[in-house]
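Engineer: Here you go, protein_0.csv (CSV, C-alpha atoms):
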```csv
chain,number,residue,atom,x,y,z
A,821,MET,CA,28.5,-9.2,8.8
A,822,ALA,CA,27.8,-9.1,5.1
A,823,ASP,CA,24.2,-9.4,3.9
A,824,LEU,CA,23.3,-12.5,1.8
A,825,TRP,CA,20.6,-10.4,0.2
A,826,MET,CA,21.6,-6.9,-0.9
A,827,PRO,CA,19.9,-4.2,1.2
A,828,GLY,CA,17.5,-2.2,-1.0
A,829,ALA,CA,17.3,-4.8,-3.7
A,830,THR,CA,14.0,-6.6,-4.6
A,831,ARG,CA,14.4,-10.3,-3.6
A,832,LEU,CA,13.1,-12.7,-6.3
A,833,ASP,CA,14.5,-15.9,-5.1
A,834,ILE,CA,14.5,-18.5,-7.9
A,835,GLY,CA,15.5,-21.2,-5.5
A,836,ASP,CA,18.3,-22.6,-7.6
A,837,HIS,CA,21.1,-22.4,-4.9
A,838,ALA,CA,24.4,-24.2,-5.0
A,839,PRO,CA,27.7,-23.5,-3.1
A,840,THR,CA,30.8,-21.9,-4.5
A,841,ASP,CA,34.2,-23.7,-4.4
A,842,GLY,CA,36.0,-21.1,-2.2
A,843,GLY,CA,39.0,-19.1,-3.1
A,844,PRO,CA,39.5,-15.4,-4.0
A,845,ALA,CA,36.3,-13.3,-3.8
A,846,LYS,CA,35.2,-12.1,-7.2
A,847,ALA,CA,32.5,-9.9,-8.9
A,848,VAL,CA,31.7,-10.2,-12.6
A,849,PRO,CA,29.9,-7.4,-14.4
A,850,HIS,CA,27.9,-8.0,-17.5
A,851,ILE,CA,25.5,-6.0,-19.7
A,852,THR,CA,22.3,-7.6,-20.9
A,853,TRP,CA,23.0,-6.6,-24.5
A,854,ASP,CA,19.5,-7.7,-25.6
A,855,LEU,CA,19.5,-5.8,-28.9
A,856,ASN,CA,22.2,-4.8,-31.4
A,857,ALA,CA,21.9,-1.0,-32.0
A,858,THR,CA,24.2,1.5,-33.7
A,859,ALA,CA,24.8,5.2,-33.5
A,860,LEU,CA,22.8,5.5,-36.7
A,861,ARG,CA,20.1,3.1,-35.5
A,862,PRO,CA,19.5,3.5,-31.7
A,863,LEU,CA,16.9,1.2,-30.2
A,864,ASP,CA,14.7,1.6,-27.1
A,865,LEU,CA,15.9,0.0,-24.0
A,866,VAL,CA,14.2,-3.3,-23.1
A,867,PRO,CA,11.8,-2.9,-20.1
A,868,TYR,CA,13.3,-3.9,-16.8
A,869,GLU,CA,10.2,-6.0,-15.9
A,870,ARG,CA,10.7,-8.1,-19.0
A,871,LEU,CA,14.3,-9.0,-18.1
A,872,SER,CA,13.4,-9.6,-14.4
A,873,ALA,CA,10.7,-12.0,-15.5
A,874,TYR,CA,13.0,-13.7,-17.9
A,875,PHE,CA,15.7,-14.4,-15.3
A,876,ALA,CA,13.0,-15.7,-12.9
A,877,GLY,CA,11.4,-17.8,-15.6
A,878,THR,CA,12.7,-19.3,-18.9
A,879,GLY,CA,16.1,-17.6,-18.4
A,880,ARG,CA,16.7,-19.0,-14.9
A,881,GLY,CA,19.5,-21.1,-16.3
A,882,LEU,CA,21.4,-17.9,-17.1
A,883,ALA,CA,20.4,-15.9,-14.0
A,884,PRO,CA,23.0,-13.6,-12.3
A,885,HIS,CA,22.9,-12.5,-8.7
A,886,LEU,CA,21.7,-9.0,-9.5
A,887,LEU,CA,19.8,-7.4,-12.4
A,888,TRP,CA,20.6,-3.7,-12.2
A,889,ASP,CA,18.8,-0.8,-14.0
A,890,PRO,CA,21.4,2.0,-14.1
A,891,PHE,CA,18.8,4.5,-15.2
A,892,THR,CA,16.5,4.2,-12.2
A,893,GLY,CA,18.6,2.4,-9.6
A,894,ARG,CA,16.3,-0.6,-9.4
A,895,ILE,CA,18.0,-3.9,-8.5
A,896,THR,CA,16.6,-7.4,-8.3
A,897,GLN,CA,18.5,-10.3,-6.7
A,898,PHE,CA,17.8,-13.9,-7.7
A,899,VAL,CA,20.1,-16.0,-5.5
A,900,PRO,CA,22.0,-15.2,-2.2
A,901,ALA,CA,25.5,-14.0,-2.3
A,902,THR,CA,27.0,-17.4,-1.2
A,903,SER,CA,25.3,-19.3,-4.0
A,904,ARG,CA,26.7,-19.6,-7.5
A,905,SER,CA,24.8,-18.0,-10.2
A,906,LYS,CA,24.8,-19.1,-13.9
A,907,SER,CA,25.7,-16.1,-16.1
A,908,LEU,CA,29.1,-17.4,-17.2
A,909,ALA,CA,29.9,-20.2,-19.7
A,910,ASP,CA,31.5,-23.1,-17.8
A,911,GLN,CA,33.2,-25.7,-20.0
A,912,ALA,CA,33.8,-29.3,-18.8
A,913,GLY,CA,37.1,-29.5,-16.9
A,914,GLY,CA,39.2,-26.5,-15.9
A,915,THR,CA,38.0,-23.7,-13.6
A,916,ARG,CA,34.4,-23.8,-12.6
A,917,THR,CA,33.7,-20.2,-13.6
A,918,ASN,CA,30.5,-19.6,-11.8
A,919,ARG,CA,31.9,-21.1,-8.5
A,920,ALA,CA,35.6,-20.1,-8.5
A,921,GLY,CA,35.7,-18.0,-5.3
A,922,SER,CA,34.3,-17.6,-1.8
A,923,VAL,CA,31.7,-15.6,-3.7
A,924,VAL,CA,31.4,-15.0,-7.5
A,925,LEU,CA,28.9,-12.1,-7.5
A,926,GLN,CA,27.5,-11.5,-11.0
A,927,ILE,CA,25.8,-8.3,-11.9
A,928,GLU,CA,23.8,-7.8,-15.1
A,929,ALA,CA,23.3,-4.1,-16.0
A,930,LEU,CA,20.2,-3.5,-18.1
A,931,PHE,CA,22.0,-1.9,-21.0
A,932,PHE,CA,23.2,-2.3,-24.6
A,933,PRO,CA,25.3,0.1,-26.6
A,934,TYR,CA,23.3,2.9,-28.3
A,935,CYS,CA,20.2,2.1,-26.3
A,936,GLN,CA,17.6,4.9,-26.2
A,937,VAL,CA,15.9,6.1,-23.1
A,938,ASN,CA,13.5,9.1,-23.1
A,939,GLY,CA,14.7,10.2,-26.5
A,940,ARG,CA,18.4,10.2,-25.5
A,941,THR,CA,21.0,7.7,-26.8
A,942,TYR,CA,23.6,6.1,-24.6
A,943,PRO,CA,26.7,4.7,-26.4
A,944,ARG,CA,28.3,3.4,-23.2
A,945,LEU,CA,27.2,2.2,-19.8
A,946,VAL,CA,29.3,4.9,-18.1
A,947,ASP,CA,27.2,7.5,-20.0
A,948,THR,CA,24.1,6.5,-18.1
A,949,PRO,CA,23.2,7.9,-14.6
A,950,CYS,CA,24.6,4.7,-13.0
A,951,LYS,CA,22.0,5.0,-10.2
A,952,GLY,CA,22.5,2.3,-7.6
A,953,TRP,CA,26.1,1.6,-8.4
A,954,PRO,CA,27.6,2.9,-5.1
A,955,GLN,CA,25.3,0.5,-3.2
A,956,ILE,CA,26.3,-2.4,-5.4
A,957,ASN,CA,30.0,-1.6,-5.1
A,958,ALA,CA,29.7,-1.4,-1.3
A,959,TRP,CA,27.8,-4.7,-1.1
A,960,CYS,CA,30.4,-6.5,-3.2
A,961,ARG,CA,33.2,-4.9,-1.1
A,962,SER,CA,31.4,-6.2,2.1
A,963,TRP,CA,31.9,-9.7,0.7
A,964,GLY,CA,35.6,-9.2,0.3
A,965,VAL,CA,35.8,-8.2,-3.3
A,966,PRO,CA,38.5,-5.5,-3.6
A,967,ASP,CA,38.2,-2.5,-5.9
A,968,ARG,CA,40.6,-3.8,-8.6
A,969,TRP,CA,40.6,-5.4,-12.0
A,970,PRO,CA,43.2,-8.2,-11.8
A,971,ASN,CA,42.8,-9.3,-15.5
A,972,GLY,CA,42.4,-5.7,-16.7
A,973,ASP,CA,39.5,-3.2,-16.8
A,974,PRO,CA,36.5,-3.8,-19.1
A,975,ALA,CA,38.1,-2.1,-22.1
A,976,HIS,CA,41.5,-3.9,-21.9
A,977,ALA,CA,40.8,-7.2,-20.1
A,978,VAL,CA,42.6,-10.5,-21.0
A,979,ARG,CA,41.5,-14.0,-20.1
A,980,ASP,CA,44.4,-15.1,-17.8
A,981,GLU,CA,43.2,-18.2,-16.0
A,982,ARG,CA,46.1,-18.2,-13.5
A,983,THR,CA,45.2,-14.7,-12.3
A,984,TRP,CA,41.5,-15.6,-12.3
A,985,GLU,CA,42.2,-18.6,-10.0
A,986,THR,CA,44.5,-16.7,-7.6
A,987,GLU,CA,43.5,-13.1,-7.3
A,988,ALA,CA,40.4,-11.4,-5.8
A,989,GLY,CA,38.7,-8.5,-7.5
A,990,TRP,CA,36.4,-7.5,-10.4
A,991,TYR,CA,36.6,-9.5,-13.6
A,992,PRO,CA,34.6,-8.2,-16.6
A,993,HIS,CA,32.9,-10.9,-18.7
A,994,LYS,CA,35.7,-10.1,-21.2
A,995,GLY,CA,38.3,-11.2,-18.6
A,996,VAL,CA,36.8,-14.6,-17.5
A,997,PRO,CA,38.4,-17.8,-18.8
A,998,GLU,CA,36.3,-20.2,-21.0
A,999,ASN,CA,34.1,-17.3,-22.1
A,1000,ASP,CA,33.9,-15.5,-25.4
A,1001,HIS,CA,31.7,-12.4,-24.7
A,1002,ASP,CA,33.4,-9.0,-24.8
A,1003,ASP,CA,31.0,-7.2,-22.4
A,1004,PRO,CA,30.5,-5.0,-20.4
A,1005,LEU,CA,32.8,-2.7,-22.5
A,1006,SER,CA,32.7,0.0,-19.8
A,1007,TRP,CA,31.8,0.1,-16.1
A,1008,PRO,CA,31.5,2.9,-13.5
A,1009,ALA,CA,34.5,3.8,-11.3
A,1010,PHE,CA,34.7,2.3,-7.9
A,1011,THR,CA,33.1,4.5,-5.2
A,1012,GLY,CA,33.5,4.9,-1.4
A,1013,ALA,CA,37.1,3.7,-1.2
A,1014,PRO,CA,39.5,5.7,0.9
A,1015,GLY,CA,41.1,7.5,-2.0
A,1016,PRO,CA,44.1,7.2,-4.4
A,1017,GLY,CA,46.6,7.9,-1.6
A,1018,TYR,CA,45.5,4.8,0.4
A,1019,GLU,CA,46.1,1.1,0.0
A,1020,PRO,CA,43.0,-0.5,-1.5
A,1021,PHE,CA,41.7,-3.6,0.3
A,1022,PRO,CA,43.8,-6.4,-1.0
A,1023,GLY,CA,41.2,-9.2,-0.4
A,1024,VAL,CA,40.7,-11.6,2.5
A,1025,GLU,CA,43.1,-14.2,1.0
A,1026,PHE,CA,46.0,-11.7,1.3
A,1027,PHE,CA,45.8,-12.1,5.1
A,1028,MET,CA,45.2,-15.8,5.3
A,1029,ALA,CA,47.0,-19.1,4.6
A,1030,LYS,CA,45.1,-22.4,4.8
A,1031,GLY,CA,42.2,-20.9,6.7
A,1032,LYS,CA,44.5,-19.3,9.4
A,1033,PRO,CA,46.3,-16.0,9.7
A,1034,ALA,CA,49.3,-15.9,7.3
A,1035,LEU,CA,51.8,-15.5,10.1
A,1036,GLY,CA,55.3,-15.0,8.8
A,1037,LYS,CA,54.2,-13.6,5.4
A,1038,THR,CA,56.1,-10.4,4.5
A,1039,SER,CA,54.8,-7.3,2.8
A,1040,PRO,CA,55.4,-3.6,3.2
A,1041,ILE,CA,51.7,-3.3,3.5
A,1042,PHE,CA,51.9,-4.9,7.0
A,1043,THR,CA,54.3,-2.2,8.2
A,1044,ARG,CA,52.0,0.6,7.0
A,1045,MET,CA,49.0,-1.2,8.5
A,1046,GLY,CA,50.7,-1.6,11.8
A,1047,GLN,CA,51.7,2.1,11.9
A,1048,ARG,CA,48.1,3.1,11.3
A,1049,LEU,CA,46.9,0.8,14.0
A,1050,VAL,CA,49.3,2.5,16.4
A,1051,ASP,CA,48.1,5.9,15.2
A,1052,VAL,CA,44.4,5.0,16.1
A,1053,GLY,CA,45.4,3.7,19.5
A,1054,CYS,CA,45.1,0.0,18.8
A,1055,GLY,CA,48.7,-1.0,18.6
A,1056,ARG,CA,49.5,-4.1,20.7
A,1057,TYR,CA,53.2,-4.2,19.7
A,1058,GLN,CA,56.2,-4.9,21.9
A,1059,VAL,CA,58.5,-4.4,18.8
A,1060,GLY,CA,57.5,-3.1,15.5
A,1061,PRO,CA,55.4,-2.8,13.4
A,1062,GLY,CA,57.3,-4.4,10.6
A,1063,PRO,CA,56.8,-6.2,7.3
A,1064,ARG,CA,56.5,-9.7,8.7
A,1065,LEU,CA,53.0,-10.5,9.8
A,1066,GLY,CA,52.9,-11.5,13.5
A,1067,GLN,CA,50.5,-12.2,16.2
A,1068,ALA,CA,50.8,-8.6,17.4
A,1069,ASP,CA,49.4,-7.5,14.0
A,1070,VAL,CA,46.5,-9.8,14.4
A,1071,ASP,CA,45.8,-8.6,18.0
A,1072,SER,CA,46.1,-5.0,17.0
A,1073,TYR,CA,43.8,-5.3,14.1
A,1074,GLU,CA,41.2,-7.1,16.1
A,1075,ALA,CA,41.4,-4.3,18.7
A,1076,TRP,CA,40.7,-1.8,15.8
A,1077,GLN,CA,37.7,-3.8,14.7
A,1078,ARG,CA,36.3,-3.8,18.2
A,1079,GLN,CA,36.9,0.0,18.4
A,1080,TYR,CA,35.3,0.6,15.0
A,1081,ASN,CA,32.4,-1.6,15.9
A,1082,ALA,CA,31.7,0.4,19.1
A,1083,GLU,CA,32.2,3.8,17.6
A,1084,HIS,CA,29.9,3.1,14.6
A,1085,HIS,CA,27.3,1.1,16.5
A,1086,LYS,CA,27.6,-1.8,14.1
A,1087,GLY,CA,26.5,-4.5,16.5
A,1088,TRP,CA,29.1,-7.0,15.2
A,1089,THR,CA,29.8,-10.1,17.3
A,1090,GLY,CA,31.9,-13.3,17.2
A,1091,THR,CA,33.9,-13.9,14.0
A,1092,ALA,CA,33.0,-10.4,12.7
A,1093,LEU,CA,35.4,-9.0,15.2
A,1094,LYS,CA,38.2,-11.4,14.5
A,1095,TRP,CA,41.0,-11.6,11.9
A,1096,PRO,CA,41.1,-11.3,8.9
A,1097,PRO,CA,40.5,-7.6,8.1
A,1098,GLY,CA,37.3,-6.8,6.2
A,1099,PRO,CA,36.9,-4.1,3.5
A,1100,GLU,CA,34.9,-1.7,5.6
A,1101,THR,CA,37.3,-1.5,8.6
A,1102,TRP,CA,40.3,-1.6,6.2
A,1103,ASP,CA,39.0,1.4,4.2
A,1104,ALA,CA,38.2,3.2,7.4
A,1105,LEU,CA,41.8,2.6,8.7
A,1106,LYS,CA,43.2,4.5,5.7
A,1107,VAL,CA,46.5,2.6,5.2
A,1108,PRO,CA,48.8,4.8,3.1
A,1109,LYS,CA,50.2,3.4,-0.1
A,1110,SER,CA,53.8,4.3,0.8
```
Now, as a test, write the supplied structure out as C-alpha cells.
Structural biologist:
Amino acid sequence: MADLWMPGATRLDIGDHAPTDGGPAKAVPHITWDLNATALRPLDLVPYERLSAYFAGTGRGLAPHLLWDPFTGRITQFVPATSRSKSLADQAGGTRTNRAGSVVLQIEALFFPYCQVNGRTYPRLVDTPCKGWPQINAWCRSWGVPDRWPNGDPAHAVRDERTWETEAGWYPHKGVPENDHDDPLSWPAFTGAPGPGYEPFPGVEFFMAKGKPALGKTSPIFTRMGQRLVDVGCGRYQVGPGPRLGQADVDSYEAWQRQYNAEHHKGWTGTALKWPPGPETWDALKVPKS
C-alpha cells in the first residue's frame, strides 16, 4: 500500500486537510523562485528552514505536499498524499486544480534560476545534485502517477484543460490550467522505471471504468501484458492473451501481484493484491512496448 506520508520526509502536518475530487492521479512540480537572479547577478539560495517555516506558518495557504531541497535531499511534507494542497491558483468554476485527481501531489523544489550555493551558481534545477529525487519519484509512482508529461515537459508545456482532466501523469506548473506561472523550467529525468524498451505505467484509470475493471476495453498493451504474465508463470488463460481486456487478464494479473508480494516480502493484503495493476508490480513485470 502507498504511504500517506513519504518515507524519509520530515512530517510537519499543518492540519489543513481536505479531500481531492478523484480522477487521474497527478503530480505537479514547482520551484520556489524566491528571488530573481541573473547570470551576471547570482544570489544566495534562501535557507531551507525559512521556507519550511513559511509553509507551516504565514504561507500555509500556499503550502505544497512536499518542500524538497535538491542540494541536500531534505524533504518536508505538510499534508498527507490524499489531501489537496494549495500551491496552484484555482479560479471560480472550471477545474478545481488542487483537487483534480485521486491525488494531486505538489512538490516545491527549493530553487530559483542562478541561485548560488557554496560559491557555485546553478542556472537550472537539473544542474543541481537533485538529491532525494529518486525517492520522490518512487513515492509519486506508488500513488499511481505514471512517468509521463501529458501536457508537455517543463520546457514545452501547454495548458490543455481537456488533457489535464483526463490523463494521469506529471504536469509542470507551466502546464496547469488557470495558472500563469512558467516554472519549474526544468526537472530531473524519471528514475527507477523499467527502461525505454518497456511500456511505462499507463495510470490506474487505464485499467478501470466506473470503479470496476474495464472489461471489453481494447489495447495492444493488454496483449503484451498477458504475454508477460504467461512468461512469469501467472497466466490464467484458456484462450489468448489478446487485445480485449477480459476476466482472465484480471485473474492473471492478480496472480502476478500475489507472486510478487510473496517473492519480495511486501506484506500486502486485501485490495493491495487485487486489480487494478499498480506502478511497482507493473514496472517489475517489464511489459515490452512492442
Engineer: Go through A:Trp990, A:Trp1088, A:Tyr868, A:Trp825 one by one, measure the shortest atom-to-atom distance of each to His850 (chain A) using all atoms listed in the file, and give the residue with the smallest value.
Structural biologist: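 For His850 (chain A), the nearest of the candidates is A:Trp990.
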Engineer: Counting all atoms listed in the file, what is within 6 Å of region 1071-1087 of chain A, bar same-chain residues fewer than 5 positions away, as a list of chain:residue names?
Structural biologist: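 Residues near the query, excluding close chain neighbours: A:Cys1054, A:Gly1055, A:Arg1056, A:Leu1093, A:Lys1094.
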Engineer: Compare A:Ala883, A:Ala1034, A:Cys950, A:Val1070 by their minimum atom-to-atom distance to Gln897 (chain A), counting only C-alpha atoms, and give me the closest one.
Structural biologist: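 That would be A:Ala883, the residue with the smallest distance to Gln897 (chain A).
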Engineer: Name all residues at most 12 Å from region 992-1004 of chain A (count only C-alpha atoms; drop same-chain ones fewer than 3 positions away) and give them as a PyMOL selection string.
Structural biologist: chain A and resi 846-854+907-918+920+924-933+944-946+968-985+989+1007-1008
Engineer: One decimal, Å: what's the distance from CA of Ser1039 (chain A) over to CA of Ala822 (chain A), could you say?
Structural biologist: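 So the answer is 27.2 Å.
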Engineer: How far is it from CA of Leu1065 (chain A) to CA of Lys1037 (chain A), in Å with one decimal?
Structural biologist: 5.5 Å
Engineer: Pick the closest to Pro867 (chain A) from A:Ser903, A:Thr1089, A:Gln936, A:Thr948: which is it, counting only C-alpha atoms?
Structural biologist: A:Gln936
Engineer: Work out how far apart CA of Thr986 (chain A) and CA of Val965 (chain A) are and give it in Å to one decimal.
Structural biologist: 12.9 Å
Engineer: Take the point (42.1, -15.5, 12.5) as written in the file and pick out every residue within 12 Å of it, counting only C-alpha atoms; give the list as a VMD selection string.
Structural biologist: chain A and resid 1024 to 1025 1027 to 1035 1066 to 1067 1069 to 1071 1073 to 1074 1090 to 1098
Engineer: Between A:His837, A:Gly842, A:Cys960, A:Cys935, which is the closest to Lys906 (chain A) once you count all atoms listed in the file?
Structural biologist: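 Closest to Lys906 (chain A) of all the choices is A:His837.
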Engineer: Please determine, counting all atoms listed in the file, which residue among A:Ser905, A:Thr896, A:Asn856, A:Ser962 has the shortest atom-to-atom distance to Gly881 (chain A).
Structural biologist: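 The closest residue to Gly881 (chain A) is A:Ser905.
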Engineer: Centre and edge lengths, as AutoDock Vina command-line options, for the axis-aligned box enclosing every listed atom of region 917-929 of chain A with 6 Å of padding on each of the six sides, in Å to one decimal?
Structural biologist:
```
--center_x 29.5 --center_y -12.6 --center_z -8.9 --size_x 24.4 --size_y 29.0 --size_z 26.2
```
Engineer: When distances are computed from all atoms listed in the file, which of A:Trp959, A:Phe875, A:Phe1026, A:Tyr934 shows the smallest separation from Gly828 (chain A)?
Structural biologist: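 Looking only at the distances to Gly828 (chain A), the closest residue turns out to be A:Trp959.
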Engineer: If we count only C-alpha atoms and set the cut-off at 10 Å, which residues sit around Met1045 (chain A), ignoring sequence neighbours fewer than 5 positions away in its own chain? Please answer as a list in words.
Structural biologist: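 Contacts, with the query itself left out: Glu1019, Pro1040, Val1050, Asp1051, Pro1061, Gly1062, Pro1063, Asp1069, Ser1072, Tyr1073, Trp1102, Leu1105, Lys1106, Val1107, Pro1108 and Lys1109 of chain A.
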Engineer: Write out all heavy atoms for region 904-914 of chain A, as a short mmCIF file (atom, residue, chain, number, x, y, z; two decimals), in the coordinates of the input.
Structural biologist:
```cif
data_model
loop_
_atom_site.label_atom_id
_atom_site.label_comp_id
_atom_site.auth_asym_id
_atom_site.auth_seq_id
_atom_site.Cartn_x
_atom_site.Cartn_y
_atom_site.Cartn_z
N ARG A 904 26.31 -19.93 -6.11
CA ARG A 904 26.70 -19.60 -7.50
C ARG A 904 25.53 -19.15 -8.26
O ARG A 904 24.40 -19.49 -7.97
CB ARG A 904 27.41 -20.83 -8.13
CG ARG A 904 26.50 -22.06 -8.29
CD ARG A 904 25.76 -22.05 -9.59
NE ARG A 904 24.89 -23.22 -9.70
CZ ARG A 904 23.63 -23.25 -9.30
NH1 ARG A 904 23.08 -22.19 -8.74
NH2 ARG A 904 22.89 -24.35 -9.46
N SER A 905 25.78 -18.32 -9.25
CA SER A 905 24.80 -18.00 -10.20
C SER A 905 25.24 -18.60 -11.57
O SER A 905 26.22 -19.34 -11.60
CB SER A 905 24.49 -16.51 -10.33
OG SER A 905 25.67 -15.81 -10.66
N LYS A 906 24.57 -18.30 -12.68
CA LYS A 906 24.80 -19.10 -13.90
C LYS A 906 25.05 -18.22 -15.14
O LYS A 906 24.82 -18.68 -16.25
CB LYS A 906 23.67 -20.04 -14.15
CG LYS A 906 23.51 -21.13 -13.11
CD LYS A 906 22.41 -22.09 -13.50
CE LYS A 906 22.30 -23.25 -12.55
NZ LYS A 906 21.23 -24.19 -12.96
N SER A 907 25.54 -17.01 -14.99
CA SER A 907 25.70 -16.10 -16.10
C SER A 907 26.93 -16.33 -16.97
O SER A 907 27.09 -15.73 -18.02
CB SER A 907 25.61 -14.66 -15.68
OG SER A 907 24.34 -14.37 -15.15
N LEU A 908 27.83 -17.18 -16.49
CA LEU A 908 29.10 -17.40 -17.20
C LEU A 908 29.05 -18.81 -17.89
O LEU A 908 28.49 -19.77 -17.34
CB LEU A 908 30.27 -17.40 -16.24
CG LEU A 908 30.60 -16.05 -15.64
CD1 LEU A 908 31.61 -16.20 -14.51
CD2 LEU A 908 31.14 -15.09 -16.70
N ALA A 909 29.68 -18.90 -19.05
CA ALA A 909 29.90 -20.20 -19.70
C ALA A 909 30.91 -20.98 -18.82
O ALA A 909 31.88 -20.42 -18.33
CB ALA A 909 30.43 -20.03 -21.08
N ASP A 910 30.66 -22.26 -18.63
CA ASP A 910 31.50 -23.10 -17.80
C ASP A 910 31.76 -24.41 -18.56
O ASP A 910 30.89 -25.29 -18.59
CB ASP A 910 30.88 -23.36 -16.45
CG ASP A 910 31.78 -24.14 -15.51
OD1 ASP A 910 32.91 -24.48 -15.91
OD2 ASP A 910 31.36 -24.40 -14.37
N GLN A 911 32.93 -24.52 -19.19
CA GLN A 911 33.20 -25.70 -20.00
C GLN A 911 33.61 -26.88 -19.03
O GLN A 911 34.01 -26.68 -17.90
CB GLN A 911 34.41 -25.42 -20.91
CG GLN A 911 34.13 -24.31 -21.90
CD GLN A 911 35.34 -23.94 -22.73
OE1 GLN A 911 36.36 -24.63 -22.69
NE2 GLN A 911 35.24 -22.85 -23.47
N ALA A 912 33.47 -28.08 -19.55
CA ALA A 912 33.80 -29.30 -18.80
C ALA A 912 35.34 -29.24 -18.50
O ALA A 912 36.15 -28.96 -19.38
CB ALA A 912 33.47 -30.53 -19.54
N GLY A 913 35.71 -29.55 -17.24
CA GLY A 913 37.10 -29.50 -16.90
C GLY A 913 37.55 -28.05 -16.62
O GLY A 913 36.82 -27.11 -16.88
N GLY A 914 38.74 -27.86 -16.11
CA GLY A 914 39.20 -26.50 -15.90
C GLY A 914 38.55 -25.83 -14.73
O GLY A 914 37.92 -26.45 -13.87
#
```
